[in-house]
Structure formats: structure tokens, C-alpha cells
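A.B. asks: One structure follows; several queries about it will come next.
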Amino acid sequence: MASEQVEQTPISSSNSLLRHTLVIGIAMISGLILGIIFHNYGYSINITKTTNLATFVTTSADLVVKIFLRLISMIVGPLVLATLISGISNVQDTSTFKRIGIRVVLWFIAASFVSLAVGMVYANIVKPGIGFMENPPPITEVHSNYHFDIIHFIIDIVPDSIIGAMIKNDKIIQVVVFSLFFGLALAKIPGKTAQVLRDGIDTLAKVMLNITDMVMKIVPLVVFSSLLSISTKNGIQIIPQYGIFIAEFYILVLIMWSLLIGTGYLVIGKKIFPLLSYISEPVMIGFATASSESAYPRSLEQLTKFGISPKISGFVLPLGYTFNLCGTMVFLSFAALFIAQIYHIDMPWDKQIMMLLVMMISSKGIAGVPRASTVMLQSVMPGFGIPASGMTLIIAVDQFLDMARTATSVLGNGIVAAIADEWDQKAETKKEKKKDKTIV
């Protein structure tokens, strides 16, 4: 399952992730420079009677990006199905779950909602997509007849066929609903036969995660192609535009950090400050590698040093990497509205709120996988009339964005672990007091 993959990730993998980050940085710079050159000179060089060099370059680069997006679409359905069923059906520490697990899950749900809402409100205020680009990627999907109907949406949550839901990635919420029922039902069945099925689903989840890793290996090529196409079409002015966009997102991240730290202070008081010093290293590892998994072992170690019970952190952190990637949550709504604004798509508040709810539910199946936001946006946006082809604009600079949202998620999960430990200690204190009264 997803949490098992997190636990088995060695700290030494940080070096390979750092190299991967360096390769992506080189790909970004190379694509940008070559694109500016082609923008300035490529349109005057004909390679055939009907095609100039710049057009040939953008067409070829767009092909690479389109293939990548189709690969993402290919893995969404089975990935959600396997990882969500695996996570739910393998709940083992029932005593801890009964005492604080329900409160932690409710906290995760509330945190996801708040994170998505913060991103949505911020995007409506800042409007990052307005005036961003004159020549965005062409829309390949058909959305001209799209109309959001809340009654139809509610009915459509429940799948009439799980196979049909997996075929259509804009119905990913139906896969989530089926996976929840299946996982809860499987968790209640004892015996070896049920365990064999659980092991098989765990293996399927690992296979899908490995396929995801395989797809993500071409990210440097996709980043190069995306920036090559965009800068060939738009020229050097794309640099300040992306600079402003990244700065706007980092301001949003700072807002989220303030909310997380402030919430932690309200619950655990001044202990939040030494906690921040303990988890600063895993937060930096997450930022440098853009991988929550790489920060997990160090997070566990530092939280134990801080004084949090390994039983609590071992329960909360894996659950958090599936249900509480608040950095990813705040990005999802911000990025979706950014793309909608670029394409001048009307997004009234009722439509935005329903999109927020869909993102909150759907994200719980794939939040722990690499580039979860890419997968999530790809699956949710078409259902609300936002073209998935706009993902090209995000992929171009997603490494910078992923670093910030990963660090935010590591910080958020560390704070939640401390809060859960505080709850557990209070519960133990109450239990001891009841024992003393009984003895007296």
C-alpha cells in the first residue's frame, strides 16, 4: 500500500532525487533558451513548403506533452482503486484508531477543506491567470456544451458500473466511492482468504506505484518539451510571467504555513516552537527533493526525539501522506482556477465549491504518489469544463511548485502528529484518573 512504500523508502534515495531535480532544472533552462531562439529565428526558416522550423518544433514538443498526459490518464483509475482499497483495508491498530484515529481523520478532512478553500479564495483575489499568456496551448477537449448541474453531480457520485467509471477519468469520484465501500468491507472480513485478497491488492497498489514511477522518469523530457513549446510560441516575455506566477504561489504557501503554525500553537501551545526546530530538517529534505517519501524516515526520527510516541507518529504520518498533503491541496484549487482564468472560462462560486468538494474526496486515493497534483488535476478539471491541455503550463515549472507544496505537506503532517500525541496523552491521563477513582 502507499504507506508501506513510504516506510520502505531509504534516506539514501534523497541523493538520486536531488540529481533528478538537477536534471529537471537543466531541462527547464535548456527548453527556455532554445524556445526563445526558435521564437526569434524559427518562423523565418522553412523546412518544407508549408511548415517553418518554429511550427515543427512546437508540434513535436506538444506531442511529447500530450503523450505524457495520456500516460497519466492511463494510470489514474487503477491507481486510485488499488491505493485507496489497500490503505483502508489494512487498518490494524484498532485501539489507537478508536482513541484518536477518528479525530485525526476528521482533522485531515477539515485541513483538506481549509487548504483547498484558501487556494480557491487566493486565486480569486490574485487572479494569476488573467493576462498570463496570449497564446495558451490549444484546447483539444470539447467543452462547448458543458453545464454544471448539482442534482446530476450528486447522482453521478454513485457509480452504476465501476468498469465504466475507470474507463472515463472524469468520473474518478465514482472510483473513490467504490474503493471506500470495498476497503471498509474487506477490512471487516477476518481469516486467511481475506488476507490473501488484501495482499493481492497491496501488490496491485505497488505495481501501480511502480508504473507511476516509470511514467515520472520522463518528466525532465516533458518539462523540456513544455517550456520549449511555450517559449517558442511566446518568446522571452514568458520569463517574467512565470516568475510572477511562482512568486504568487510561494506567497500562498507562506499563508498556509502561517495557518498551520498558528493552529498548532492553539492546540499544543509554546511546544510548537521547539517542534519546528526538530522538523526543520525533514521539511528542508522535502523541499530539496520535492518528495514527501524522502522526508518520511527523518520526520519519524525527529518526532521521536521531540518526545512523540512512535506508536502515534507511526500511525499518523503514513495516514497523513495519504490523506493530509495540505501543500498539494492548496495547490489544486489555485492551479485549476489559474488554468480556467487563462482560457477565460467562467467559474461561478457554486461551481468552484463543488470542484473543491470533488478535489477533497478524489485526492484521498492518490495523495501519496509522485506528482499527485498532476494526476489529480488531470482527472478533475475536465469534469468542470477546464481543459486538461492547460496542464502543459503547469508542468513547465512544476518542479519549483512541487518543492514548496512538499515542504508544506511535511510541515503539516509533523504538526498533526504532535497534536495527535497531545490528544493521546490527555486520553491516557483521563484513563489513569478513572482508574485511581475506581481503586479508591
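To be explicit about the labels: the chains of the C-alpha cells are called A, B, and onward in the order shown, and within each one the residues are counted from 1, while ligands get numbers from 1 in the order they are shown.
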Got a sec to tell me which of region 116-271 of chain A DSSP assigns to helix (DSSP H, G or I), as an MDAnalysis selection string?
C.D. replies: chainID A and resid 116:126 150:156 162:167 169:187 192:216 219:271
A.B. asks: Hey, which bits of region 248-356 of chain A sit within 8 Å of region 118-121 of chain A, and for each residue what's the closest pair of atoms and how far apart in Å (one decimal), counting only C-alpha atoms, rows by chain and increasing number, as JSON lines?
C.D. replies:
{"residue": "A:Leu252", "atom": "CA", "partner": "A:Gly119", "partner_atom": "CA", "distance": 7.2}
{"residue": "A:Met256", "atom": "CA", "partner": "A:Val118", "partner_atom": "CA", "distance": 7.9}
{"residue": "A:Met329", "atom": "CA", "partner": "A:Gly119", "partner_atom": "CA", "distance": 7.9}
{"residue": "A:Val330", "atom": "CA", "partner": "A:Gly119", "partner_atom": "CA", "distance": 4.7}
{"residue": "A:Phe331", "atom": "CA", "partner": "A:Gly119", "partner_atom": "CA", "distance": 6.3}
{"residue": "A:Leu332", "atom": "CA", "partner": "A:Gly119", "partner_atom": "CA", "distance": 7.5}
{"residue": "A:Ser333", "atom": "CA", "partner": "A:Met120", "partner_atom": "CA", "distance": 5.1}
{"residue": "A:Phe334", "atom": "CA", "partner": "A:Gly119", "partner_atom": "CA", "distance": 4.7}
{"residue": "A:Leu337", "atom": "CA", "partner": "A:Met120", "partner_atom": "CA", "distance": 7.3}
{"residue": "A:Gln352", "atom": "CA", "partner": "A:Met120", "partner_atom": "CA", "distance": 7.7}
A.B. asks: Determine the nearest neighbour of Ala427 (chain A) from the options A:Leu319, A:Leu300, A:Ile100, A:Leu227, counting only C-alpha atoms.
C.D. replies: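 Distance minimum relative to Ala427 (chain A) lands on A:Ile100.
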A.B. asks: Nearest residue to Asp199 (chain A) out of A:Leu63, A:Ile72, A:Ala82, A:Ile211, using only C-alpha atoms?
C.D. replies: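 For Asp199 (chain A), the nearest of the given residues is A:Ala82.
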A.B. asks: Mind checking which residues fall within 9 Å of Leu53 (chain A), counting only C-alpha atoms, ignoring those fewer than 6 positions away in the same chain, and posting them as a ChimeraX atom specification?
C.D. replies: /A:38,41-47
A.B. asks: CA of Lys311 (chain A) and CA of Lys426 (chain A), how far apart in Å?
C.D. replies: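 Those two atoms sit 15.4 Å apart.
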A.B. asks: Counting only C-alpha atoms, figure out which residue out of A:Ile415, A:Val380, A:Met347, A:Asp156 gets nearest to Ser313 (chain A).
C.D. replies: A:Ile415
A.B. asks: Residues within 8 Å of region 388-393 of chain A, please, as a list of chain:residue names. Count only C-alpha atoms; anything in the same chain fewer than 5 positions from it doesn't count.
C.D. replies: A:Val65, A:Lys66, A:Pro136, A:Pro137, A:Pro138, A:Ile139, A:Thr140, A:Glu141, A:Ser226, A:Ile230, A:Ile339, A:Thr374, A:Leu377, A:Gln378, A:Met381, A:Pro382
A.B. asks: With a distance cut-off of 9 Å and only C-alpha atoms, select the neighbouring residues of Pro78 (chain A), excluding the residue or stretch itself and same-chain residues fewer than 6 positions from it, and output the selection as a list in words.
C.D. replies: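 Surrounding residues, per the criterion: Met166, Val175, Leu204, Ala205 and Met208 of chain A.
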A.B. asks: Quick one: distance from CA of Gly25 (chain A) to CA of Ile238 (chain A) in Å, one decimal?
C.D. replies: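 Spanning CA of Gly25 (chain A) to CA of Ile238 (chain A) is a straight-line distance of 16.5 Å.
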A.B. asks: Looking at only C-alpha atoms, which of A:Ile272, A:Ile189, A:Val358, A:Val416 is the one that sits closest to Val176 (chain A)?
C.D. replies: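 Answer, going by the shortest atom-to-atom distance: A:Val358.
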A.B. asks: With distances taken over only C-alpha atoms, which residue among A:Gly385, A:Gly164, A:Gly320, A:Pro128 lies nearest Met355 (chain A)?
C.D. replies: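 Result for the nearest residue to Met355 (chain A): A:Gly385.
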A.B. asks: I want to know what sits within 7 Å of region 407-414 of chain A, based on only C-alpha atoms, with residues of the same chain fewer than 2 positions away left out; could you give that as a PDB file with C-alpha atoms, in the first residue's frame?
C.D. replies:
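Output file result-v5.pdb is given in full below:
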ATOM      1  CA  TRP A 257       2.493  27.955   6.796  1.00  0.00           C
ATOM      2  CA  LEU A 260      -0.552  25.595  10.115  1.00  0.00           C
ATOM      3  CA  ILE A 279      11.179  19.041  11.999  1.00  0.00           C
ATOM      4  CA  VAL A 283      10.977  19.945   5.853  1.00  0.00           C
ATOM      5  CA  MET A 284      14.150  21.005   4.039  1.00  0.00           C
ATOM      6  CA  GLY A 286      11.114  17.573   1.349  1.00  0.00           C
ATOM      7  CA  PHE A 287      11.766  20.967  -0.236  1.00  0.00           C
ATOM      8  CA  SER A 292       7.360  13.562   0.888  1.00  0.00           C
ATOM      9  CA  LEU A 317       2.427  10.021   9.340  1.00  0.00           C
ATOM     10  CA  GLY A 320      -1.115  11.836   6.629  1.00  0.00           C
ATOM     11  CA  ASN A 324      -3.286  15.187   4.516  1.00  0.00           C
ATOM     12  CA  LEU A 325      -0.914  16.586   1.892  1.00  0.00           C
ATOM     13  CA  CYS A 326      -2.064  20.125   2.600  1.00  0.00           C
ATOM     14  CA  GLY A 327       0.564  21.583   0.251  1.00  0.00           C
ATOM     15  CA  MET A 403       9.227  21.757  -3.834  1.00  0.00           C
ATOM     16  CA  ALA A 404       7.106  24.309  -1.964  1.00  0.00           C
ATOM     17  CA  ARG A 405       3.996  22.169  -1.651  1.00  0.00           C
ATOM     18  CA  VAL A 416      -0.668  16.938  13.202  1.00  0.00           C
ATOM     19  CA  ALA A 417       1.476  14.172  14.751  1.00  0.00           C
ATOM     20  CA  ALA A 418       2.272  16.477  17.677  1.00  0.00           C
TER      21      ALA A 418
END
A.B. asks: Hey, which of A:Gln341, A:Ser299, A:Gln399, A:Ser231 ends up closest to Leu275 (chain A)? Count only C-alpha atoms.
C.D. replies: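 Looking at the shortest contact to Leu275 (chain A), the residue is A:Ser299.
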A.B. asks: So which residues touch Trp107 (chain A) within 10 Å, counting only C-alpha atoms, skipping near sequence neighbours fewer than 5 positions away, as a short mmCIF file (atom, residue, chain, number, x, y, z; two decimals) with all heavy atoms, in the first residue's frame?
C.D. replies:
data_model
loop_
_atom_site.label_atom_id
_atom_site.label_comp_id
_atom_site.auth_asym_id
_atom_site.auth_seq_id
_atom_site.Cartn_x
_atom_site.Cartn_y
_atom_site.Cartn_z
N GLY A 101 -7.83 7.97 16.32
CA GLY A 101 -7.84 7.84 14.86
C GLY A 101 -8.96 8.60 14.20
O GLY A 101 -8.77 9.26 13.18
N ILE A 102 -10.16 8.48 14.78
CA ILE A 102 -11.31 9.17 14.18
C ILE A 102 -11.11 10.68 14.23
O ILE A 102 -11.40 11.39 13.26
CB ILE A 102 -12.61 8.77 14.92
CG1 ILE A 102 -12.88 7.27 14.70
CG2 ILE A 102 -13.79 9.60 14.42
CD1 ILE A 102 -14.04 6.73 15.49
N SER A 112 -7.95 19.48 4.74
CA SER A 112 -8.03 19.44 3.28
C SER A 112 -9.00 20.48 2.76
O SER A 112 -8.72 21.20 1.80
CB SER A 112 -8.47 18.05 2.81
OG SER A 112 -7.50 17.08 3.10
N PHE A 113 -10.15 20.57 3.42
CA PHE A 113 -11.16 21.55 3.00
C PHE A 113 -10.63 22.98 3.13
O PHE A 113 -10.78 23.80 2.22
CB PHE A 113 -12.43 21.37 3.83
CG PHE A 113 -13.55 22.29 3.43
CD1 PHE A 113 -14.39 21.95 2.39
CD2 PHE A 113 -13.75 23.49 4.08
CE1 PHE A 113 -15.41 22.80 1.99
CE2 PHE A 113 -14.76 24.35 3.71
CZ PHE A 113 -15.61 24.00 2.66
N PHE A 323 -3.78 11.15 3.30
CA PHE A 323 -4.99 11.95 3.50
C PHE A 323 -4.73 13.43 3.80
O PHE A 323 -5.68 14.20 3.85
CB PHE A 323 -5.81 11.36 4.66
CG PHE A 323 -6.51 10.08 4.32
CD1 PHE A 323 -5.89 8.86 4.56
CD2 PHE A 323 -7.77 10.08 3.77
CE1 PHE A 323 -6.52 7.67 4.25
CE2 PHE A 323 -8.41 8.90 3.45
CZ PHE A 323 -7.78 7.69 3.69
N ASN A 324 -3.49 13.82 4.03
CA ASN A 324 -3.29 15.19 4.52
C ASN A 324 -2.08 15.88 3.88
O ASN A 324 -1.27 16.47 4.56
CB ASN A 324 -3.10 15.18 6.05
CG ASN A 324 -3.14 16.58 6.64
OD1 ASN A 324 -4.00 17.37 6.31
ND2 ASN A 324 -2.19 16.88 7.50
N VAL A 416 0.47 17.81 12.87
CA VAL A 416 -0.67 16.94 13.20
C VAL A 416 -0.22 15.79 14.11
O VAL A 416 -0.95 15.41 15.04
CB VAL A 416 -1.33 16.38 11.92
CG1 VAL A 416 -2.40 15.36 12.28
CG2 VAL A 416 -1.96 17.49 11.11
N ALA A 420 -1.87 15.00 17.65
CA ALA A 420 -2.42 13.68 17.99
C ALA A 420 -1.78 13.13 19.26
O ALA A 420 -2.47 12.50 20.09
CB ALA A 420 -2.19 12.72 16.82
#
